[in-house]
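These notes concern the structure reproduced below.
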Number of protein chains: 2
Amino acid sequence: MATIYDVSILAGVSLATVSRVMNKNTNVSEKTKKKVQDAMEQLGYRPSSIAQSLASNCSNSIGVLVSQLNGPFYGAMMTEIESALRNANKHVIIAAGHSDEAQEREAVEFLLDRGCDALILDVEALSDDYLIALSQKRTPIVLINRYISEIADRCIHLNNVLGGYLATKHVLSHGHTKLAYIAGPLLKPDARERLEGHKKALAEHDVNFDDTLFYEGNFFEPSGSDAMEYLLKQDTHFTCVICANDQMASGAISVSLEHNVMVPEQLSFIGYDNFPFPKYISPKLSTVSNPIQEMGKMAALWVLKNVYKKPDINIVNTFTPQLILRDSVNNNQ
Amino acid sequence: MATIYDVSILAGVSLATVSRVMNKNTNVSEKTKKKVQDAMEQLGYRPSSIAQSLASNCSNSIGVLVSQLNGPFYGAMMTEIESALRNANKHVIIAAGHSDEAQEREAVEFLLDRGCDALILDVEALSDDYLIALSQKRTPIVLINRYISEIADRCIHLNNVLGGYLATKHVLSHGHTKLAYIAGPLLKPDARERLEGHKKALAEHDVNFDDTLFYEGNFFEPSGSDAMEYLLKQDTHFTCVICANDQMASGAISVSLEHNVMVPEQLSFIGYDNFPFPKYISPKLSTVSNPIQEMGKMAALWVLKNVYKKPDINIVNTFTPQLILRDSVNNNQ
DNA sequence: CTGTTAGCGCATTCAG
DNA sequence: CTGAATGCGCTAACAG
């Protein structure tokens with residue numbers, strides 16, 4: 001591998017001059033610049049980003065920590081982050097935290113030790129306090145899918161309360177008042193906020209929240225099935241099931257159909273997240289959008305703006321969910 | 001940030017000794033080791049992996065280049081790669097090539113410039129020649145989902161010919177002889193190999209390959225729909241559609257149902273990949289497994305064994321697909 | 001078993 | 001506009 005030194009020899013200039021033409025800031029005469037560039041070309045010179053990092057104290061790497069790498073959401077998010085950052089010639093180091101506090105913490109330290117210039121975190125298990133403390137250290141962090149008021153400017157998040165509100169409002173407007181609710185794990189803020197929005201809509205319509213028609217799932221499909229089994233055993237009648245995400249909705253609909261309860265004729269469903277279901281499932285699930293790609297991209301832009309000082313970038317911290325109406329909610333007469 | 005130098009001062013030893021206790025290879029007396037460890041603890045010392053990389057000429061980073069980061073497959077693969085590598089205290093730098101030759105090439109160079117110790121590549125557009133040449137350079141590479149005979153030991157791949165063969169054999173054994181085939185893009189080896197297996201099974205059963213019942217899709221769901229529209233317009237009768245992947249099968253089934261062709265009563269379907277469909281779709285698609293996670297993990301193990309010289313690792317280069325029988329193939333009388 | 005001495009490849013003062 | 005010198009934090013001979 002040719003080094004900057006080899007280039008300087010071949011070009012007949014000093015090491016510093018070669019460095020200058022690489023970092024095209026200071027003035028170099030056209031002639032010497034050309035000489036240097038020719039030499040670089042001739043040697044097939046590629047700067048060592050590691051040496052650059054050590055000397056400049058800037059690694060050009062961004063750590064990205066997510067709960068999982070699989071599933072439709074994180075992949076979409078990673079796609080946007082990677083492309084935005086690589087276009088800026090930064091590289092992304094990934095880690096998965098698996099929604100476990102110890103693993104998340106370990107991953108953060110791992111990324112920090114790697115000399116990342118910034119961290120993009122989509123974490124669920126780490127406490128607010130930990131994150132607030134982390135945000136005050138040397139390495140800047142930005143949070144996706146999480147809102148902590150003390151560091152609101154570093155949070156890129158979805159208005160989940162509004163999303164929950166919109167979903168419930170929608171089914172209420174279709175005449176449903178006997179509502180079941182399948183929640184996500186309430187230790188996750190997402191799940192709590194969606195539920196909060198649900199209750200807010202209920203309150204506005206003077207509809208009571210019925211504890212017997214409430215089930216706390218874990219956001220995965222099987223827990224939706226479990227929830228539905230539970231609900232069908234209750235004595236209380238209901239005409240609509242509101243699910244805190246589409247995957248649980250999928251599990252719940254499955255069980256519903258197995259019990260010969262027609263969807264949406266006898267029972268309506270609404271989900272959350274706009275999960276990319278295959279084309280031929282029926283009914284098509286009405287749901288609430290979750291613009292995770294845009295949020296990922298925004299986190300990358302945040303880093304570009306605040307860490308690498310790119311101007312002309314506008315940061316949007318709060319994203320707004322939207323209703324996506326399809327075929328799973330019927331009018332209730 | 002405390003440096004190794006600070007630690008050496010506090011511990012009252014030399015710089016080299018501190019380095020030794022970190023890289024626990026050479027012998028250090030228990031007492032001095034303890035002194036050093038105490039000093040490290042007291043200072044909250046964390047070694048700079050960048051400086052380590054520069055000095056040792058080993059970055060402990062592995063570049064992973066995939067076509068896409070989203071979708072159910074690459075996410076699952078990345079999960080395994082990340083966890084296997086991080087357990088070994090290596091980090092993974094990701095890049096997406098988007099099945100485009102220029103982008104893939106650029107990504108490879110990007111990762112190389114980053115000083116990766118090895119590259120794990122799941123690429124489709126780069127030519128065999130390019131990859132063979134690349135494999136002879138300094139940085140070791142390992143290929144996933146691809147077989148190039150010249151560098152077979154660096155290929156971790158699925159026996160797609162066998163998979164295609166098994167799928168077709170299965171439907172033939174159920175009495176289907178009028179078969180339609182929806183292929184993937186034939187410029188991708190996966191697609192060609194699956195088709196090859198299909199033809200091999202046909203030949204064994206003396207069934208002719210019917211050009212009018214062949215459609216080349218692109219592995220995405222909409223092309224499956226297009227394919228089905230095309231097939232239904234043909235005059236030739238067929239009782240079964242073999243799809244080169246599940247996503248196209250999904251699109252095709254969708255169109256089939258729209259045209260009131262019952263699945264599997266009137267028309268059978270078989271897919272490929274074992275895509276994680278939601279629980280409640282019907283019929284459940286019979287398909288061929290694609291153990292992409294295991295292949296990802298194996299690629300990581302390959303790197304651990306061949307680059308970081310971990311012994312006791314057995315590498316399996318070729319994975320064997322298996323039939324997964326569900327409800328989308330009927331007996332044809 | 002431990003200390004001394006050179007670099008790794010580059011950025012960045014400071015002179016000139 | 002350009003060159004010489006210094007150091008980023010660590011590893012790796014080489015002595016002792």
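All residue names refer to the structure tokens as shown: chains lettered A, B, ... in order, residues numbered from 1 in each chain, ligands numbered from 1 in order.
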**Request:** First superpose chain A onto chain B using a least-squares fit over all Cα atoms taken in order; then report the RMSD in Å.
**Result:**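 Here the RMSD amounts to 0.1 Å.
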Would you give me, as CSV, each residue of chain A having an atom within 9 Å of an atom of chain C, along with its shortest atom pair and that distance in Å to one decimal, using only C-alpha atoms (C1' of nucleotides) and sorting by chain and residue number?
residue,atom,partner,partner_atom,distance
A:Thr3,CA,C:DG9,C1',6.7
A:Ile4,CA,C:DG9,C1',7.2
A:Tyr5,CA,C:DG9,C1',8.4
A:Ala16,CA,C:DA11,C1',8.3
A:Ser19,CA,C:DA11,C1',7.4
A:Pro47,CA,C:DG9,C1',8.2
A:Ser48,CA,C:DG9,C1',6.6
A:Ser49,CA,C:DC10,C1',8.8
A:Ile50,CA,C:DG9,C1',8.1
A:Ala51,CA,C:DG9,C1',4.9
A:Gln52,CA,C:DC10,C1',5.2
A:Ser53,CA,C:DC10,C1',8.4
A:Leu54,CA,C:DC10,C1',7.9
A:Ala55,CA,C:DA11,C1',5.4
A:Ser56,CA,C:DA11,C1',5.8
**Message:** Could you pull out the alpha helix (DSSP H) residues of range 140-232 of chain B, going by DSSP on the backbone, and write them as an MDAnalysis selection string?
**Reply:** chainID B and resid 160:173 189:204 221:232
Per-residue nearest contacts chain A to chain B, cut-off 6 Å, using only C-alpha atoms, as JSON lines:
{"residue": "A:Ser49", "atom": "CA", "partner": "B:Arg114", "partner_atom": "CA", "distance": 5.6}
{"residue": "A:Leu69", "atom": "CA", "partner": "B:Gly75", "partner_atom": "CA", "distance": 5.1}
{"residue": "A:Asn70", "atom": "CA", "partner": "B:Gly75", "partner_atom": "CA", "distance": 3.8}
{"residue": "A:Gly71", "atom": "CA", "partner": "B:Pro72", "partner_atom": "CA", "distance": 5.7}
{"residue": "A:Pro72", "atom": "CA", "partner": "B:Gly71", "partner_atom": "CA", "distance": 5.7}
{"residue": "A:Gly75", "atom": "CA", "partner": "B:Asn70", "partner_atom": "CA", "distance": 3.8}
{"residue": "A:Ala76", "atom": "CA", "partner": "B:Asn70", "partner_atom": "CA", "distance": 5.0}
{"residue": "A:Thr79", "atom": "CA", "partner": "B:Leu69", "partner_atom": "CA", "distance": 5.4}
{"residue": "A:Val92", "atom": "CA", "partner": "B:Ile93", "partner_atom": "CA", "distance": 5.7}
{"residue": "A:Ile93", "atom": "CA", "partner": "B:Ile93", "partner_atom": "CA", "distance": 4.6}
{"residue": "A:Arg114", "atom": "CA", "partner": "B:Ser49", "partner_atom": "CA", "distance": 5.6}
{"residue": "A:Ser254", "atom": "CA", "partner": "B:Tyr280", "partner_atom": "CA", "distance": 4.3}
{"residue": "A:Tyr280", "atom": "CA", "partner": "B:Ser254", "partner_atom": "CA", "distance": 4.4}
{"residue": "A:Ile281", "atom": "CA", "partner": "B:Ile281", "partner_atom": "CA", "distance": 5.5}
Would you save the residues from that selection as a PDB file, in the first residue's frame, using N, CA and C atoms?
ATOM      1  N   SER A  49      -7.772   5.571   6.262  1.00  0.00           N
ATOM      2  CA  SER A  49      -8.727   6.306   7.091  1.00  0.00           C
ATOM      3  C   SER A  49      -8.433   6.115   8.574  1.00  0.00           C
ATOM      4  N   LEU A  69     -31.916  -6.206  14.070  1.00  0.00           N
ATOM      5  CA  LEU A  69     -31.545  -5.886  12.700  1.00  0.00           C
ATOM      6  C   LEU A  69     -32.566  -6.459  11.735  1.00  0.00           C
ATOM      7  N   ASN A  70     -33.333  -7.422  12.180  1.00  0.00           N
ATOM      8  CA  ASN A  70     -34.299  -8.038  11.279  1.00  0.00           C
ATOM      9  C   ASN A  70     -35.673  -7.393  11.434  1.00  0.00           C
ATOM     10  N   GLY A  71     -36.624  -7.912  10.722  1.00  0.00           N
ATOM     11  CA  GLY A  71     -37.940  -7.294  10.720  1.00  0.00           C
ATOM     12  C   GLY A  71     -37.967  -6.173   9.703  1.00  0.00           C
ATOM     13  N   PRO A  72     -39.157  -5.802   9.290  1.00  0.00           N
ATOM     14  CA  PRO A  72     -39.292  -4.847   8.201  1.00  0.00           C
ATOM     15  C   PRO A  72     -38.920  -3.424   8.593  1.00  0.00           C
ATOM     16  N   GLY A  75     -34.750  -2.658   9.137  1.00  0.00           N
ATOM     17  CA  GLY A  75     -34.087  -2.718   7.848  1.00  0.00           C
ATOM     18  C   GLY A  75     -34.319  -1.454   7.052  1.00  0.00           C
ATOM     19  N   ALA A  76     -35.547  -1.017   7.023  1.00  0.00           N
ATOM     20  CA  ALA A  76     -35.879   0.194   6.283  1.00  0.00           C
ATOM     21  C   ALA A  76     -35.153   1.394   6.871  1.00  0.00           C
ATOM     22  N   THR A  79     -31.460   1.286   6.022  1.00  0.00           N
ATOM     23  CA  THR A  79     -31.225   1.638   4.634  1.00  0.00           C
ATOM     24  C   THR A  79     -31.040   3.143   4.479  1.00  0.00           C
ATOM     25  N   VAL A  92     -20.951   3.535   8.794  1.00  0.00           N
ATOM     26  CA  VAL A  92     -21.783   3.191   9.934  1.00  0.00           C
ATOM     27  C   VAL A  92     -21.419   1.820  10.488  1.00  0.00           C
ATOM     28  N   ILE A  93     -21.231   1.829  11.789  1.00  0.00           N
ATOM     29  CA  ILE A  93     -20.930   0.609  12.527  1.00  0.00           C
ATOM     30  C   ILE A  93     -22.208   0.198  13.240  1.00  0.00           C
ATOM     31  N   ARG A 114     -14.981   2.254  19.909  1.00  0.00           N
ATOM     32  CA  ARG A 114     -14.608   2.222  18.507  1.00  0.00           C
ATOM     33  C   ARG A 114     -14.302   3.602  17.976  1.00  0.00           C
ATOM     34  N   SER A 254     -55.961 -13.852  12.801  1.00  0.00           N
ATOM     35  CA  SER A 254     -55.822 -15.276  12.563  1.00  0.00           C
ATOM     36  C   SER A 254     -56.717 -16.093  13.494  1.00  0.00           C
ATOM     37  N   TYR A 280     -51.891 -10.402  -1.035  1.00  0.00           N
ATOM     38  CA  TYR A 280     -53.157 -11.112  -1.182  1.00  0.00           C
ATOM     39  C   TYR A 280     -53.871 -11.446   0.104  1.00  0.00           C
ATOM     40  N   ILE A 281     -53.386 -10.937   1.226  1.00  0.00           N
ATOM     41  CA  ILE A 281     -54.128 -11.240   2.428  1.00  0.00           C
ATOM     42  C   ILE A 281     -55.389 -10.396   2.452  1.00  0.00           C
TER      43      ILE A 281
END
**Contacts of Ala244 in chain B at 9 Å (only C-alpha atoms (C1' of nucleotides); same-chain gap of 6+ positions) as a list of chain:residue names** = B:Gly164, B:Tyr181, B:Ile182, B:Ala183, B:Gly184, B:Asp190, B:Ala191, B:Arg194, B:Leu195, B:Gly217, B:Phe219, B:Ile270, B:Gly271, B:Tyr272, B:Asp273
Between chain A and chain D, at 7 Å or less, what are the per-residue closest atom pairs and their distances in Å? Count only C-alpha atoms (C1' of nucleotides), order by chain and rising residue number, and return it as JSON lines.
{"residue": "A:Ser14", "atom": "CA", "partner": "D:DG3", "partner_atom": "C1'", "distance": 6.0}
{"residue": "A:Thr17", "atom": "CA", "partner": "D:DT2", "partner_atom": "C1'", "distance": 6.9}
{"residue": "A:Asn27", "atom": "CA", "partner": "D:DC1", "partner_atom": "C1'", "distance": 6.8}
{"residue": "A:Val28", "atom": "CA", "partner": "D:DC1", "partner_atom": "C1'", "distance": 6.2}
{"residue": "A:Ser29", "atom": "CA", "partner": "D:DC1", "partner_atom": "C1'", "distance": 6.8}
{"residue": "A:Leu54", "atom": "CA", "partner": "D:DC8", "partner_atom": "C1'", "distance": 5.2}
{"residue": "A:Ala55", "atom": "CA", "partner": "D:DC8", "partner_atom": "C1'", "distance": 4.8}
Quick one: write out the picked residues with C-alpha atoms as a short mmCIF file (atom, residue, chain, number, x, y, z; two decimals), in the first residue's frame?
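File again.cif, as written:
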data_model
loop_
_atom_site.label_atom_id
_atom_site.label_comp_id
_atom_site.auth_asym_id
_atom_site.auth_seq_id
_atom_site.Cartn_x
_atom_site.Cartn_y
_atom_site.Cartn_z
CA SER A 14 6.77 17.48 1.01
CA THR A 17 1.72 19.38 0.68
CA ASN A 27 -4.04 27.02 -0.94
CA VAL A 28 -1.81 24.97 -3.15
CA SER A 29 -0.64 26.14 -6.56
CA LEU A 54 -5.83 8.98 14.76
CA ALA A 55 -4.21 12.16 13.58
#
**Item:** DSSP-assigned strand (DSSP E) members of range 194-300 of chain B, reported as number ranges by chain
**Value:** B: 214-216, 240-243, 268-270, 287-288
**Distance in Å - CA of Asp235 in chain A versus CA of Leu186 in chain A** =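 Taking CA of Asp235 in chain A and CA of Leu186 in chain A, their separation equals 24.8 Å.
Taking only C-alpha atoms into account, Lys178 in chain A lies nearest to A:Leu267 out of the set A:Leu267, A:Leu158, A:Ile9, A:Val64.
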**Asked** What is the distance between CA of Ser135 in chain B and CA of Pro321 in chain B, in Å to one decimal?
**Response**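 Going from CA of Ser135 in chain B over to CA of Pro321 in chain B covers 27.0 Å.
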**Message:** For a quick check of understanding, using only C-alpha atoms, which of B:Ala2, B:Leu325, B:Asn317, B:Val18 has the smallest distance to Asp153 in chain B?
**Reply:**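 Smallest distance to Asp153 in chain B is found for B:Asn317.
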